[in-house]
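Visitor: This one is data-v4.cif, mmCIF, N, CA and C atoms.
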data_structure
#
loop_
_atom_site.label_atom_id
_atom_site.label_comp_id
_atom_site.auth_asym_id
_atom_site.auth_seq_id
_atom_site.Cartn_x
_atom_site.Cartn_y
_atom_site.Cartn_z
N MET A 249 9.21 78.12 -4.72
CA MET A 249 7.93 78.77 -4.85
C MET A 249 7.76 79.74 -3.68
N THR A 250 7.24 80.91 -3.94
CA THR A 250 7.01 81.90 -2.91
C THR A 250 5.55 81.85 -2.50
N TYR A 251 5.32 81.76 -1.19
CA TYR A 251 3.96 81.71 -0.68
C TYR A 251 3.56 83.08 -0.17
N ALA A 252 2.28 83.28 0.07
CA ALA A 252 1.73 84.58 0.44
C ALA A 252 2.42 85.18 1.66
N ASN A 253 2.83 84.36 2.62
CA ASN A 253 3.43 84.90 3.84
C ASN A 253 4.94 85.04 3.75
N GLU A 254 5.54 84.67 2.61
CA GLU A 254 6.98 84.80 2.43
C GLU A 254 7.29 86.06 1.65
N MET A 255 8.41 86.66 1.97
CA MET A 255 8.87 87.82 1.21
C MET A 255 9.60 87.31 -0.03
N PRO A 256 9.21 87.79 -1.21
CA PRO A 256 9.92 87.33 -2.41
C PRO A 256 11.35 87.88 -2.43
N THR A 257 12.25 87.07 -2.93
CA THR A 257 13.63 87.52 -3.06
C THR A 257 13.76 88.44 -4.26
N ASP A 258 14.89 89.13 -4.35
CA ASP A 258 15.14 90.00 -5.51
C ASP A 258 15.04 89.20 -6.80
N SER A 259 15.61 87.99 -6.80
CA SER A 259 15.58 87.19 -8.03
C SER A 259 14.15 86.79 -8.38
N HIS A 260 13.32 86.48 -7.39
CA HIS A 260 11.91 86.15 -7.66
C HIS A 260 11.18 87.36 -8.22
N GLN A 261 11.40 88.51 -7.62
CA GLN A 261 10.72 89.72 -8.09
C GLN A 261 11.13 90.07 -9.51
N LEU A 262 12.41 89.97 -9.80
CA LEU A 262 12.90 90.29 -11.14
C LEU A 262 12.35 89.29 -12.16
N ALA A 263 12.42 88.01 -11.84
CA ALA A 263 11.92 86.98 -12.76
C ALA A 263 10.43 87.17 -13.02
N ARG A 264 9.68 87.47 -11.98
CA ARG A 264 8.24 87.66 -12.13
C ARG A 264 7.95 88.90 -12.99
N ALA A 265 8.66 89.99 -12.74
CA ALA A 265 8.44 91.22 -13.51
C ALA A 265 8.81 91.02 -14.98
N VAL A 266 9.93 90.35 -15.24
CA VAL A 266 10.33 90.10 -16.63
C VAL A 266 9.30 89.21 -17.32
N ALA A 267 8.84 88.17 -16.64
CA ALA A 267 7.85 87.27 -17.23
C ALA A 267 6.54 88.00 -17.53
N ARG A 268 6.10 88.84 -16.60
CA ARG A 268 4.85 89.57 -16.82
C ARG A 268 4.97 90.56 -17.97
N LEU A 269 6.10 91.28 -18.05
CA LEU A 269 6.29 92.21 -19.15
C LEU A 269 6.39 91.47 -20.47
N ASN A 270 7.10 90.36 -20.48
CA ASN A 270 7.21 89.56 -21.70
C ASN A 270 5.84 89.07 -22.15
N ARG A 271 5.04 88.58 -21.22
CA ARG A 271 3.68 88.11 -21.54
C ARG A 271 2.85 89.26 -22.11
N ARG A 272 2.97 90.44 -21.51
CA ARG A 272 2.20 91.60 -21.97
C ARG A 272 2.64 92.03 -23.37
N LEU A 273 3.93 92.00 -23.62
CA LEU A 273 4.44 92.34 -24.95
C LEU A 273 3.97 91.32 -25.99
N ARG A 274 3.93 90.05 -25.62
CA ARG A 274 3.44 89.02 -26.55
C ARG A 274 1.97 89.24 -26.88
N GLN A 275 1.21 89.81 -25.94
CA GLN A 275 -0.21 90.07 -26.21
C GLN A 275 -0.40 91.13 -27.29
N GLU A 276 0.62 91.92 -27.55
CA GLU A 276 0.55 92.94 -28.60
C GLU A 276 0.77 92.35 -29.99
N ARG A 277 1.22 91.10 -30.04
CA ARG A 277 1.46 90.46 -31.34
C ARG A 277 0.14 90.27 -32.08
N GLN A 278 0.22 90.41 -33.39
CA GLN A 278 -0.95 90.13 -34.22
C GLN A 278 -0.61 89.12 -35.30
N SER A 279 0.54 88.52 -35.18
CA SER A 279 1.01 87.54 -36.14
C SER A 279 0.59 86.15 -35.69
N ASP A 280 0.50 85.23 -36.65
CA ASP A 280 0.23 83.84 -36.31
C ASP A 280 1.51 83.10 -35.95
N LEU A 281 2.65 83.80 -36.06
CA LEU A 281 3.92 83.17 -35.73
C LEU A 281 4.04 82.95 -34.22
N THR A 282 4.76 81.91 -33.86
CA THR A 282 5.02 81.64 -32.45
C THR A 282 6.11 82.58 -31.95
N PRO A 283 6.22 82.75 -30.64
CA PRO A 283 7.33 83.54 -30.11
C PRO A 283 8.69 83.00 -30.56
N THR A 284 8.83 81.69 -30.66
CA THR A 284 10.08 81.10 -31.12
C THR A 284 10.37 81.50 -32.56
N GLN A 285 9.37 81.43 -33.42
CA GLN A 285 9.57 81.80 -34.82
C GLN A 285 9.96 83.27 -34.95
N LEU A 286 9.31 84.13 -34.19
CA LEU A 286 9.67 85.55 -34.23
C LEU A 286 11.08 85.77 -33.70
N SER A 287 11.45 85.04 -32.67
CA SER A 287 12.80 85.15 -32.11
C SER A 287 13.84 84.74 -33.14
N VAL A 288 13.57 83.66 -33.87
CA VAL A 288 14.52 83.19 -34.88
C VAL A 288 14.63 84.21 -36.01
N LEU A 289 13.52 84.81 -36.43
CA LEU A 289 13.60 85.87 -37.43
C LEU A 289 14.48 87.01 -36.93
N GLY A 290 14.30 87.38 -35.68
CA GLY A 290 15.10 88.45 -35.09
C GLY A 290 16.57 88.08 -35.02
N THR A 291 16.86 86.84 -34.72
CA THR A 291 18.26 86.38 -34.68
C THR A 291 18.90 86.47 -36.05
N ILE A 292 18.17 86.06 -37.08
CA ILE A 292 18.73 86.12 -38.43
C ILE A 292 19.03 87.57 -38.82
N VAL A 293 18.14 88.48 -38.43
CA VAL A 293 18.40 89.89 -38.70
C VAL A 293 19.65 90.34 -37.95
N LYS A 294 19.76 89.92 -36.70
CA LYS A 294 20.87 90.37 -35.85
C LYS A 294 22.22 89.84 -36.33
N ILE A 295 22.29 88.54 -36.65
CA ILE A 295 23.59 87.95 -36.98
C ILE A 295 23.83 87.85 -38.48
N GLY A 296 22.80 88.14 -39.27
CA GLY A 296 22.95 88.06 -40.72
C GLY A 296 22.76 86.64 -41.21
N PRO A 297 22.91 86.43 -42.51
CA PRO A 297 22.78 85.06 -43.03
C PRO A 297 23.67 84.11 -42.25
N ALA A 298 23.08 82.99 -41.83
CA ALA A 298 23.82 82.08 -40.95
C ALA A 298 23.37 80.65 -41.17
N THR A 299 24.21 79.73 -40.75
CA THR A 299 23.86 78.31 -40.81
C THR A 299 22.83 78.01 -39.72
N PRO A 300 22.05 76.96 -39.92
CA PRO A 300 21.13 76.57 -38.86
C PRO A 300 21.84 76.32 -37.53
N SER A 301 23.04 75.76 -37.57
CA SER A 301 23.79 75.51 -36.32
C SER A 301 24.13 76.81 -35.61
N ALA A 302 24.53 77.84 -36.37
CA ALA A 302 24.85 79.13 -35.75
C ALA A 302 23.61 79.76 -35.16
N ILE A 303 22.48 79.63 -35.84
CA ILE A 303 21.22 80.17 -35.32
C ILE A 303 20.82 79.43 -34.05
N ALA A 304 20.95 78.09 -34.07
CA ALA A 304 20.62 77.29 -32.88
C ALA A 304 21.50 77.70 -31.70
N ALA A 305 22.78 77.91 -31.96
CA ALA A 305 23.69 78.31 -30.87
C ALA A 305 23.28 79.67 -30.32
N HIS A 306 22.94 80.60 -31.18
CA HIS A 306 22.54 81.93 -30.73
C HIS A 306 21.23 81.86 -29.93
N GLU A 307 20.31 81.02 -30.36
CA GLU A 307 19.02 80.86 -29.68
C GLU A 307 19.12 79.93 -28.47
N ARG A 308 20.26 79.27 -28.34
CA ARG A 308 20.49 78.32 -27.24
C ARG A 308 19.48 77.18 -27.25
N VAL A 309 19.30 76.62 -28.44
CA VAL A 309 18.44 75.45 -28.62
C VAL A 309 19.21 74.40 -29.41
N ARG A 310 18.67 73.21 -29.45
CA ARG A 310 19.33 72.12 -30.18
C ARG A 310 19.05 72.25 -31.68
N PRO A 311 20.01 71.86 -32.50
CA PRO A 311 19.82 71.96 -33.95
C PRO A 311 18.53 71.33 -34.49
N PRO A 312 18.10 70.14 -34.01
CA PRO A 312 16.86 69.59 -34.57
C PRO A 312 15.64 70.51 -34.38
N SER A 313 15.56 71.17 -33.24
CA SER A 313 14.40 72.05 -33.02
C SER A 313 14.49 73.29 -33.89
N ILE A 314 15.69 73.81 -34.12
CA ILE A 314 15.83 74.98 -34.97
C ILE A 314 15.53 74.60 -36.42
N THR A 315 15.87 73.38 -36.80
CA THR A 315 15.57 72.92 -38.16
C THR A 315 14.07 72.93 -38.42
N ARG A 316 13.30 72.47 -37.45
CA ARG A 316 11.83 72.48 -37.60
C ARG A 316 11.32 73.90 -37.73
N THR A 317 11.82 74.79 -36.88
CA THR A 317 11.39 76.19 -36.92
C THR A 317 11.76 76.82 -38.26
N LEU A 318 12.99 76.60 -38.72
CA LEU A 318 13.43 77.18 -39.99
C LEU A 318 12.62 76.63 -41.15
N THR A 319 12.29 75.35 -41.12
CA THR A 319 11.47 74.76 -42.18
C THR A 319 10.11 75.44 -42.25
N CYS A 320 9.50 75.68 -41.10
CA CYS A 320 8.21 76.40 -41.07
C CYS A 320 8.36 77.80 -41.65
N LEU A 321 9.43 78.50 -41.29
CA LEU A 321 9.64 79.86 -41.78
C LEU A 321 9.86 79.88 -43.29
N VAL A 322 10.59 78.89 -43.80
CA VAL A 322 10.79 78.79 -45.26
C VAL A 322 9.46 78.48 -45.93
N ASP A 323 8.71 77.52 -45.37
CA ASP A 323 7.41 77.15 -45.95
C ASP A 323 6.43 78.32 -45.99
N GLU A 324 6.54 79.22 -45.00
CA GLU A 324 5.67 80.40 -44.95
C GLU A 324 6.19 81.55 -45.82
N GLY A 325 7.35 81.36 -46.42
CA GLY A 325 7.92 82.39 -47.28
C GLY A 325 8.62 83.51 -46.52
N LEU A 326 8.96 83.25 -45.24
CA LEU A 326 9.56 84.27 -44.40
C LEU A 326 11.08 84.19 -44.34
N ALA A 327 11.60 83.01 -44.68
CA ALA A 327 13.05 82.80 -44.67
C ALA A 327 13.46 82.10 -45.96
N ILE A 328 14.73 82.24 -46.29
CA ILE A 328 15.26 81.68 -47.53
C ILE A 328 16.49 80.84 -47.20
N ARG A 329 16.56 79.65 -47.82
CA ARG A 329 17.74 78.79 -47.72
C ARG A 329 18.57 78.98 -48.98
N THR A 330 19.84 79.24 -48.80
CA THR A 330 20.75 79.32 -49.95
C THR A 330 21.97 78.45 -49.66
N PRO A 331 22.60 77.93 -50.69
CA PRO A 331 23.80 77.11 -50.47
C PRO A 331 24.90 77.95 -49.81
N HIS A 332 25.63 77.33 -48.93
CA HIS A 332 26.77 77.98 -48.28
C HIS A 332 27.86 78.16 -49.33
N PRO A 333 28.46 79.35 -49.45
CA PRO A 333 29.45 79.58 -50.49
C PRO A 333 30.75 78.79 -50.30
N ASP A 334 31.05 78.40 -49.07
CA ASP A 334 32.32 77.72 -48.79
C ASP A 334 32.18 76.24 -48.44
N ASP A 335 30.97 75.79 -48.16
CA ASP A 335 30.76 74.42 -47.71
C ASP A 335 29.47 73.90 -48.33
N GLY A 336 29.60 73.07 -49.33
CA GLY A 336 28.43 72.55 -50.06
C GLY A 336 27.49 71.71 -49.21
N ARG A 337 27.94 71.28 -48.05
CA ARG A 337 27.08 70.49 -47.16
C ARG A 337 26.17 71.37 -46.31
N GLN A 338 26.47 72.66 -46.26
CA GLN A 338 25.75 73.60 -45.39
C GLN A 338 24.83 74.49 -46.22
N VAL A 339 23.89 75.11 -45.51
CA VAL A 339 23.05 76.14 -46.12
C VAL A 339 23.13 77.38 -45.24
N LEU A 340 22.82 78.51 -45.83
CA LEU A 340 22.71 79.76 -45.08
C LEU A 340 21.25 80.16 -45.07
N MET A 341 20.81 80.63 -43.92
CA MET A 341 19.44 81.10 -43.77
C MET A 341 19.45 82.61 -43.75
N SER A 342 18.51 83.20 -44.46
CA SER A 342 18.35 84.65 -44.44
C SER A 342 16.85 84.94 -44.47
N LEU A 343 16.50 86.18 -44.25
CA LEU A 343 15.09 86.56 -44.28
C LEU A 343 14.68 86.96 -45.70
N SER A 344 13.46 86.61 -46.03
CA SER A 344 12.88 87.09 -47.28
C SER A 344 12.36 88.50 -47.03
N GLU A 345 11.96 89.17 -48.09
CA GLU A 345 11.35 90.50 -47.91
C GLU A 345 10.10 90.40 -47.05
N GLN A 346 9.33 89.34 -47.26
CA GLN A 346 8.11 89.14 -46.45
C GLN A 346 8.47 88.93 -44.98
N GLY A 347 9.53 88.17 -44.71
CA GLY A 347 9.97 87.94 -43.34
C GLY A 347 10.41 89.23 -42.67
N GLU A 348 11.14 90.05 -43.42
CA GLU A 348 11.57 91.35 -42.88
C GLU A 348 10.36 92.23 -42.56
N ALA A 349 9.36 92.21 -43.44
CA ALA A 349 8.16 93.04 -43.24
C ALA A 349 7.36 92.57 -42.03
N VAL A 350 7.19 91.26 -41.89
CA VAL A 350 6.45 90.72 -40.74
C VAL A 350 7.16 91.08 -39.45
N LEU A 351 8.47 90.89 -39.41
CA LEU A 351 9.23 91.20 -38.19
C LEU A 351 9.16 92.69 -37.88
N ALA A 352 9.28 93.53 -38.88
CA ALA A 352 9.22 94.98 -38.67
C ALA A 352 7.85 95.39 -38.13
N ARG A 353 6.77 94.83 -38.67
CA ARG A 353 5.42 95.16 -38.18
C ARG A 353 5.25 94.75 -36.72
N GLU A 354 5.71 93.56 -36.39
CA GLU A 354 5.57 93.08 -35.02
C GLU A 354 6.40 93.92 -34.05
N ARG A 355 7.60 94.25 -34.44
CA ARG A 355 8.46 95.08 -33.59
C ARG A 355 7.87 96.48 -33.44
N ASP A 356 7.36 97.04 -34.53
CA ASP A 356 6.75 98.38 -34.46
C ASP A 356 5.55 98.39 -33.52
N ARG A 357 4.72 97.36 -33.60
CA ARG A 357 3.54 97.27 -32.74
C ARG A 357 3.95 97.18 -31.27
N ARG A 358 4.92 96.32 -31.00
CA ARG A 358 5.41 96.14 -29.63
C ARG A 358 6.05 97.42 -29.12
N ASP A 359 6.89 98.03 -29.96
CA ASP A 359 7.59 99.25 -29.55
C ASP A 359 6.62 100.40 -29.32
N GLN A 360 5.58 100.47 -30.13
CA GLN A 360 4.58 101.54 -29.95
C GLN A 360 3.89 101.39 -28.60
N TRP A 361 3.48 100.16 -28.27
CA TRP A 361 2.83 99.93 -26.98
C TRP A 361 3.78 100.29 -25.84
N LEU A 362 5.02 99.82 -25.93
CA LEU A 362 5.98 100.06 -24.85
C LEU A 362 6.32 101.54 -24.75
N SER A 363 6.45 102.23 -25.87
CA SER A 363 6.74 103.67 -25.84
C SER A 363 5.63 104.44 -25.13
N GLN A 364 4.39 104.04 -25.37
CA GLN A 364 3.26 104.69 -24.68
C GLN A 364 3.34 104.47 -23.18
N ARG A 365 3.69 103.27 -22.76
CA ARG A 365 3.81 102.98 -21.32
C ARG A 365 4.99 103.73 -20.72
N LEU A 366 6.11 103.78 -21.43
CA LEU A 366 7.28 104.49 -20.92
C LEU A 366 7.02 105.98 -20.78
N ALA A 367 6.22 106.53 -21.67
CA ALA A 367 5.90 107.97 -21.62
C ALA A 367 5.15 108.33 -20.33
N GLU A 368 4.54 107.36 -19.70
CA GLU A 368 3.80 107.59 -18.46
C GLU A 368 4.73 107.65 -17.24
N LEU A 369 6.00 107.28 -17.45
CA LEU A 369 6.96 107.26 -16.35
C LEU A 369 7.70 108.59 -16.27
N THR A 370 8.33 108.81 -15.13
CA THR A 370 9.15 110.01 -14.97
C THR A 370 10.47 109.82 -15.72
N THR A 371 11.18 110.91 -15.91
CA THR A 371 12.49 110.84 -16.55
C THR A 371 13.43 109.94 -15.75
N ALA A 372 13.40 110.07 -14.45
CA ALA A 372 14.27 109.25 -13.59
C ALA A 372 13.90 107.76 -13.72
N GLU A 373 12.61 107.45 -13.78
CA GLU A 373 12.18 106.05 -13.93
C GLU A 373 12.63 105.48 -15.28
N ARG A 374 12.51 106.27 -16.33
CA ARG A 374 12.96 105.82 -17.65
C ARG A 374 14.47 105.59 -17.65
N SER A 375 15.21 106.45 -16.98
CA SER A 375 16.66 106.29 -16.88
C SER A 375 17.00 105.01 -16.14
N THR A 376 16.30 104.75 -15.05
CA THR A 376 16.52 103.52 -14.28
C THR A 376 16.25 102.29 -15.14
N LEU A 377 15.16 102.33 -15.92
CA LEU A 377 14.85 101.19 -16.79
C LEU A 377 15.90 101.01 -17.89
N ALA A 378 16.43 102.10 -18.42
CA ALA A 378 17.47 101.99 -19.44
C ALA A 378 18.71 101.30 -18.85
N GLU A 379 19.07 101.68 -17.64
CA GLU A 379 20.20 101.03 -16.98
C GLU A 379 19.90 99.56 -16.70
N ALA A 380 18.68 99.29 -16.25
CA ALA A 380 18.29 97.91 -15.95
C ALA A 380 18.28 97.06 -17.22
N ALA A 381 17.85 97.63 -18.33
CA ALA A 381 17.82 96.89 -19.60
C ALA A 381 19.22 96.44 -19.98
N ALA A 382 20.20 97.32 -19.82
CA ALA A 382 21.58 96.96 -20.15
C ALA A 382 22.06 95.83 -19.24
N LEU A 383 21.71 95.90 -17.97
CA LEU A 383 22.12 94.85 -17.04
C LEU A 383 21.43 93.52 -17.36
N MET A 384 20.15 93.58 -17.73
CA MET A 384 19.44 92.34 -18.07
C MET A 384 20.01 91.71 -19.33
N GLU A 385 20.41 92.52 -20.30
CA GLU A 385 21.08 92.00 -21.49
C GLU A 385 22.34 91.25 -21.09
N ARG A 386 23.10 91.84 -20.19
CA ARG A 386 24.34 91.22 -19.73
C ARG A 386 24.05 89.88 -19.02
N LEU A 387 23.01 89.86 -18.18
CA LEU A 387 22.64 88.63 -17.50
C LEU A 387 22.23 87.54 -18.50
N ALA A 388 21.49 87.94 -19.52
CA ALA A 388 20.97 86.98 -20.49
C ALA A 388 22.09 86.36 -21.35
N GLU A 389 23.19 87.06 -21.50
CA GLU A 389 24.27 86.57 -22.35
C GLU A 389 25.15 85.54 -21.65
N ARG A 390 25.00 85.37 -20.36
CA ARG A 390 25.87 84.45 -19.62
C ARG A 390 25.38 83.04 -19.69
#
Produce structure tokens that represent the structure in this file.

Guide:
Amino acid sequence: MTYANEMPTDSHQLARAVARLNRRLRQERQSDLTPTQLSVLGTIVKIGPATPSAIAAHERVRPPSITRTLTCLVDEGLAIRTPHPDDGRQVLMSLSEQGEAVLARERDRRDQWLSQRLAELTTAERSTLAEAAALMERLAER
């Protein structure tokens, strides 16, 4: 924990800035979905139809918790379960048209807010953030 008289480290400053930006972006949401549910929808879009285990691995969560999230998404009509073509014991999860629409609306809303904030920055500042975004992606994948 950093106290008022201590200088925050680079890692503290970065973690705090990422957390604050993430919180601010979540405030732009207008969906009743949780951040986890939206993240899972985004993962399915990113990796395509996938087994719950593959989605759990991508989200870095345990299969039982992803099963609960996927069940909620199916119950809400946002995701679809289909039999796995090669393994009758497995299912593949994909997004429904409604799930794609909800995710697109949420992403558009978030991106619009962020684009407005980025437009207030200088060209050099936007370039720095683009480089930092690539580095943060790399950090997150480890």

Visitor: Here's the selection I'm unsure about, the PyMOL selection byres ((chain A and resi 343) around 7); applied to the file above, which residues does it give, as a PyMOL selection string?

Guide: chain A and resi 292-293+296-297+326-328+341-342+344-348

Visitor: Show me, as CSV, the residues of range 251-316 of chain A having an atom within 6.5 Å of range 351-360 of chain A, each with the closest atom pair and its distance in Å, using all atoms listed in the file.

Guide:
residue,atom,partner,partner_atom,distance
A:Leu273,CA,A:Arg358,CA,6.1
A:Glu276,C,A:Arg358,N,5.8
A:Arg277,CA,A:Glu354,CA,6.1
A:Gln278,N,A:Glu354,CA,6.2

Visitor: Work out how far CA of Gln285 in chain A is from CA of Arg316 in chain A, in Å to one decimal.

Guide: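 Between CA of Arg316 in chain A and CA of Gln285 in chain A the gap works out to 10.0 Å.
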
Visitor: Atom N of Met384 in chain A and atom C of Pro312 in chain A, how far apart in Å?

Guide: 28.8 Å

Visitor: So which residues of range 255-299 of chain A fall under alpha helix (DSSP H) by DSSP, listed as number ranges by chain?

Guide: A: 258-275, 283-295

Visitor: Step by step, gather every atom of range 283-288 of chain A that the file lists, find the box along x, y and z that holds them, add 8 Å on each side, and finally give centre and edge lengths in Å to one decimal, as AutoDock Vina command-line options.

Guide:
--center_x 10.4 --center_y 83.4 --center_z -33.1 --size_x 24.4 --size_y 20.7 --size_z 21.9

Visitor: How far is it from CA of Ile314 in chain A to CA of Ala265 in chain A, in Å with one decimal?

Guide: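 Interatomic distance, CA of Ile314 in chain A to CA of Ala265 in chain A: 27.9 Å.
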
Visitor: In range 263-343 of chain A, what's strand (DSSP E or B) per DSSP? Answer as number ranges by chain?

Guide: A: 298, 327-331, 339-343

Visitor: Under the PyMOL selection byres (((chain A and resi 300 and name CA) around 8) and name CA), which residues of this model are included? Write them out as a PyMOL selection string.

Guide: chain A and resi 298-299+301-304+311+314-315+318+339-341

Visitor: Given the choices A:Arg264, A:Arg271, A:Lys294, A:Arg308, which gets closest to Ala388 in chain A if the distance is worked out from only C-alpha atoms?

Guide: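 When distances to Ala388 in chain A are compared using only C-alpha atoms, the smallest one comes from A:Arg308.
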
Visitor: My list of candidates is A:Pro331, A:Val288, A:Gln364, A:Ala305. Which is closest to Thr319 in chain A when distances are computed with only C-alpha atoms?

Guide: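 Ranked by minimum distance to Thr319 in chain A, first place goes to A:Val288.
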
Visitor: Is there a way to get, as a PyMOL selection string, all residues within 5 Å of the point (19.6, 84.5, -31.1) in file coordinates, counting only N, CA and C atoms?

Guide: chain A and resi 291+306-307
